[in-house]
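Novice: Can you keep this structure in mind? I'll have questions shortly.
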Amino acid sequence: MLLAALAISIVTPPFPSAAAELQTQQVAKVGEPAPDFALDAWVGTAPGKEFKQISLKELRGKWVVLFFYPMDFTFVCPTEIKGFNDALAQFEKLDAVVLGASTDSKFSHLAWVKRGDLGALGYPLLSDIKKETARKYGCLDEKDGVALRALYIIDPQGVLQYQVVHNLDVGRSVDETLRVLEALQTGSLCPLGWKPGQKTLGKP
């Protein structure tokens, strides 16, 4: 019996760790297809129409600006969420969809919106409550269980073209996001500090 138990312990593989599982999953990398997701999202406050599932696949054909933030009911996060909302018309003009996301529940998103902290929000807030999407996109703070301030631009073919990750204390720039989005849409070589309307260095 002892020898049998030892044999089983030798040949039975250990349970995979989260890190090992991550290695087998698709991880976000610029220039490669963005990891797919299908998440419940807050989309409105009308009774019965507060939530819907949103997937990356259904957004194929449009540019996607996906940004993660750490938590609802915090301090820096609403400044970013409202900032992207203020520029929503500019993103739409560039045929881009804006998606916010955190590891909070969809009900937390609804409560936060209803409290009035975010104003009249015009884009969805995704609920990555299982933390799977933040982990696949490489922005999950495993220690605290929240997403870092990460932002991704995905092209109409579903390829990740840009990513930036901040620590929890520093908010992002909507203007820089728009600049990079327009630069990517030129399909050209854009030098340091390039701004829309300026000459590029031509096609690569």
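As shown in the structure tokens, the chain order sets the letters A, B, ...; within each chain, residues go from 1, and ligands are also counted from 1 in the order they appear.
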Leaving out Asp104 in chain A and any residue of its chain fewer than 6 positions from it, which residues lie within 10 Å of it when counting only C-alpha atoms, given as a PDB file with N, CA and C atoms, in the first residue's frame?

Specialist:
```pdb
ATOM      1  N   TYR A  69     -10.216  50.136 -14.749  1.00  0.00           N
ATOM      2  CA  TYR A  69      -9.964  50.986 -13.591  1.00  0.00           C
ATOM      3  C   TYR A  69     -10.107  50.125 -12.338  1.00  0.00           C
ATOM      4  N   PRO A  70      -9.512  50.536 -11.209  1.00  0.00           N
ATOM      5  CA  PRO A  70      -9.450  49.650 -10.043  1.00  0.00           C
ATOM      6  C   PRO A  70     -10.790  49.328  -9.375  1.00  0.00           C
ATOM      7  N   MET A  71     -11.558  50.370  -9.001  1.00  0.00           N
ATOM      8  CA  MET A  71     -12.751  50.100  -8.192  1.00  0.00           C
ATOM      9  C   MET A  71     -13.799  51.192  -8.359  1.00  0.00           C
ATOM     10  N   ASP A  72     -15.059  50.788  -8.203  1.00  0.00           N
ATOM     11  CA  ASP A  72     -16.151  51.748  -8.110  1.00  0.00           C
ATOM     12  C   ASP A  72     -16.063  52.506  -6.774  1.00  0.00           C
ATOM     13  N   LEU A 125     -20.093  49.954 -18.757  1.00  0.00           N
ATOM     14  CA  LEU A 125     -19.105  49.574 -17.757  1.00  0.00           C
ATOM     15  C   LEU A 125     -19.174  48.057 -17.604  1.00  0.00           C
ATOM     16  N   LEU A 126     -18.095  47.382 -17.967  1.00  0.00           N
ATOM     17  CA  LEU A 126     -18.058  45.928 -17.929  1.00  0.00           C
ATOM     18  C   LEU A 126     -17.739  45.419 -16.524  1.00  0.00           C
ATOM     19  N   SER A 127     -18.328  44.285 -16.185  1.00  0.00           N
ATOM     20  CA  SER A 127     -18.074  43.651 -14.893  1.00  0.00           C
ATOM     21  C   SER A 127     -17.198  42.416 -15.083  1.00  0.00           C
ATOM     22  N   ASP A 128     -15.942  42.539 -14.730  1.00  0.00           N
ATOM     23  CA  ASP A 128     -15.000  41.413 -14.807  1.00  0.00           C
ATOM     24  C   ASP A 128     -14.874  40.804 -13.407  1.00  0.00           C
ATOM     25  N   ILE A 129     -16.013  40.400 -12.854  1.00  0.00           N
ATOM     26  CA  ILE A 129     -16.044  39.989 -11.446  1.00  0.00           C
ATOM     27  C   ILE A 129     -15.222  38.734 -11.183  1.00  0.00           C
ATOM     28  N   LYS A 130     -15.037  37.896 -12.202  1.00  0.00           N
ATOM     29  CA  LYS A 130     -14.201  36.699 -12.032  1.00  0.00           C
ATOM     30  C   LYS A 130     -12.721  36.996 -12.255  1.00  0.00           C
ATOM     31  N   LYS A 131     -12.420  38.208 -12.669  1.00  0.00           N
ATOM     32  CA  LYS A 131     -11.041  38.679 -12.869  1.00  0.00           C
ATOM     33  C   LYS A 131     -10.315  37.981 -14.026  1.00  0.00           C
ATOM     34  N   VAL A 146      -7.556  43.674  -7.847  1.00  0.00           N
ATOM     35  CA  VAL A 146      -8.174  44.730  -8.652  1.00  0.00           C
ATOM     36  C   VAL A 146      -7.357  44.952  -9.912  1.00  0.00           C
ATOM     37  N   ALA A 147      -7.965  45.609 -10.880  1.00  0.00           N
ATOM     38  CA  ALA A 147      -7.250  45.918 -12.123  1.00  0.00           C
ATOM     39  C   ALA A 147      -6.422  47.186 -11.953  1.00  0.00           C
TER      40      ALA A 147
END
```

Novice: Using only C-alpha atoms, which protein or nucleic acid residues come within 12 Å of Glu176 in chain A? Drop anything in the same chain fewer than 4 positions from it, and give the result as an NGL selection string.

Specialist: :A and (84 or 87 or 151 or 153 or 162 or 164 or 171-172 or 180-183 or 193-196)

Novice: Find the residue from A:Ala111, A:Val159, A:Val65, A:Cys77 that sits nearest to Gly44 in chain A; use only C-alpha atoms when measuring.

Specialist: A:Ala111

Novice: Write out as a ChimeraX atom specification all residues of range 33-182 of chain A that backbone DSSP assigns to helix (DSSP H, G or I).

Specialist: /A:57-59,76-86,88-93,106-115,132-136,174-182

Novice: Quick one: residues within 12 Å of Gly61 in chain A, only C-alpha atoms counted, chain neighbours fewer than 2 positions away excluded, as a list in words?

Specialist: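 Final neighbour list, sorted by chain and number: Leu56, Lys57, Glu58, Leu59, Trp63, Val64, Asp95, Ala96, Val97, Ile154, Asp155, Pro156, Gln157, Gly158 and Val159 of chain A.
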
Novice: What parts of range 40-202 of chain A does DSSP call strand (DSSP E)? I'd like the answer as a PyMOL selection string.

Specialist: chain A and resi 40-42+51-55+63-68+96-102+125-127+140-141+146-147+149-154+160-166

Novice: To one decimal place, how far is CA of Val43 in chain A from CA of Val113 in chain A in Å?

Specialist: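 Straight-line distance from CA of Val43 in chain A to CA of Val113 in chain A works out to 10.2 Å.
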
Novice: To one decimal place, how far is CA of Gln90 in chain A from CA of Val174 in chain A in Å?

Specialist: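 Computing it gives 10.4 Å between the two atoms.
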
Novice: Smallest atom-to-atom distance to Asp175 in chain A: which of A:Lys49, A:Phe91, A:Thr74, A:Trp42, using only C-alpha atoms?

Specialist: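 Among A:Lys49, A:Phe91, A:Thr74, A:Trp42, it is A:Phe91 that comes nearest to Asp175 in chain A.
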
Novice: Nearest residue to Phe107 in chain A out of A:Pro204, A:Thr45, A:Asp36, A:Gly31, using only C-alpha atoms?

Specialist: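 For Phe107 in chain A, the nearest of the given residues is A:Thr45.
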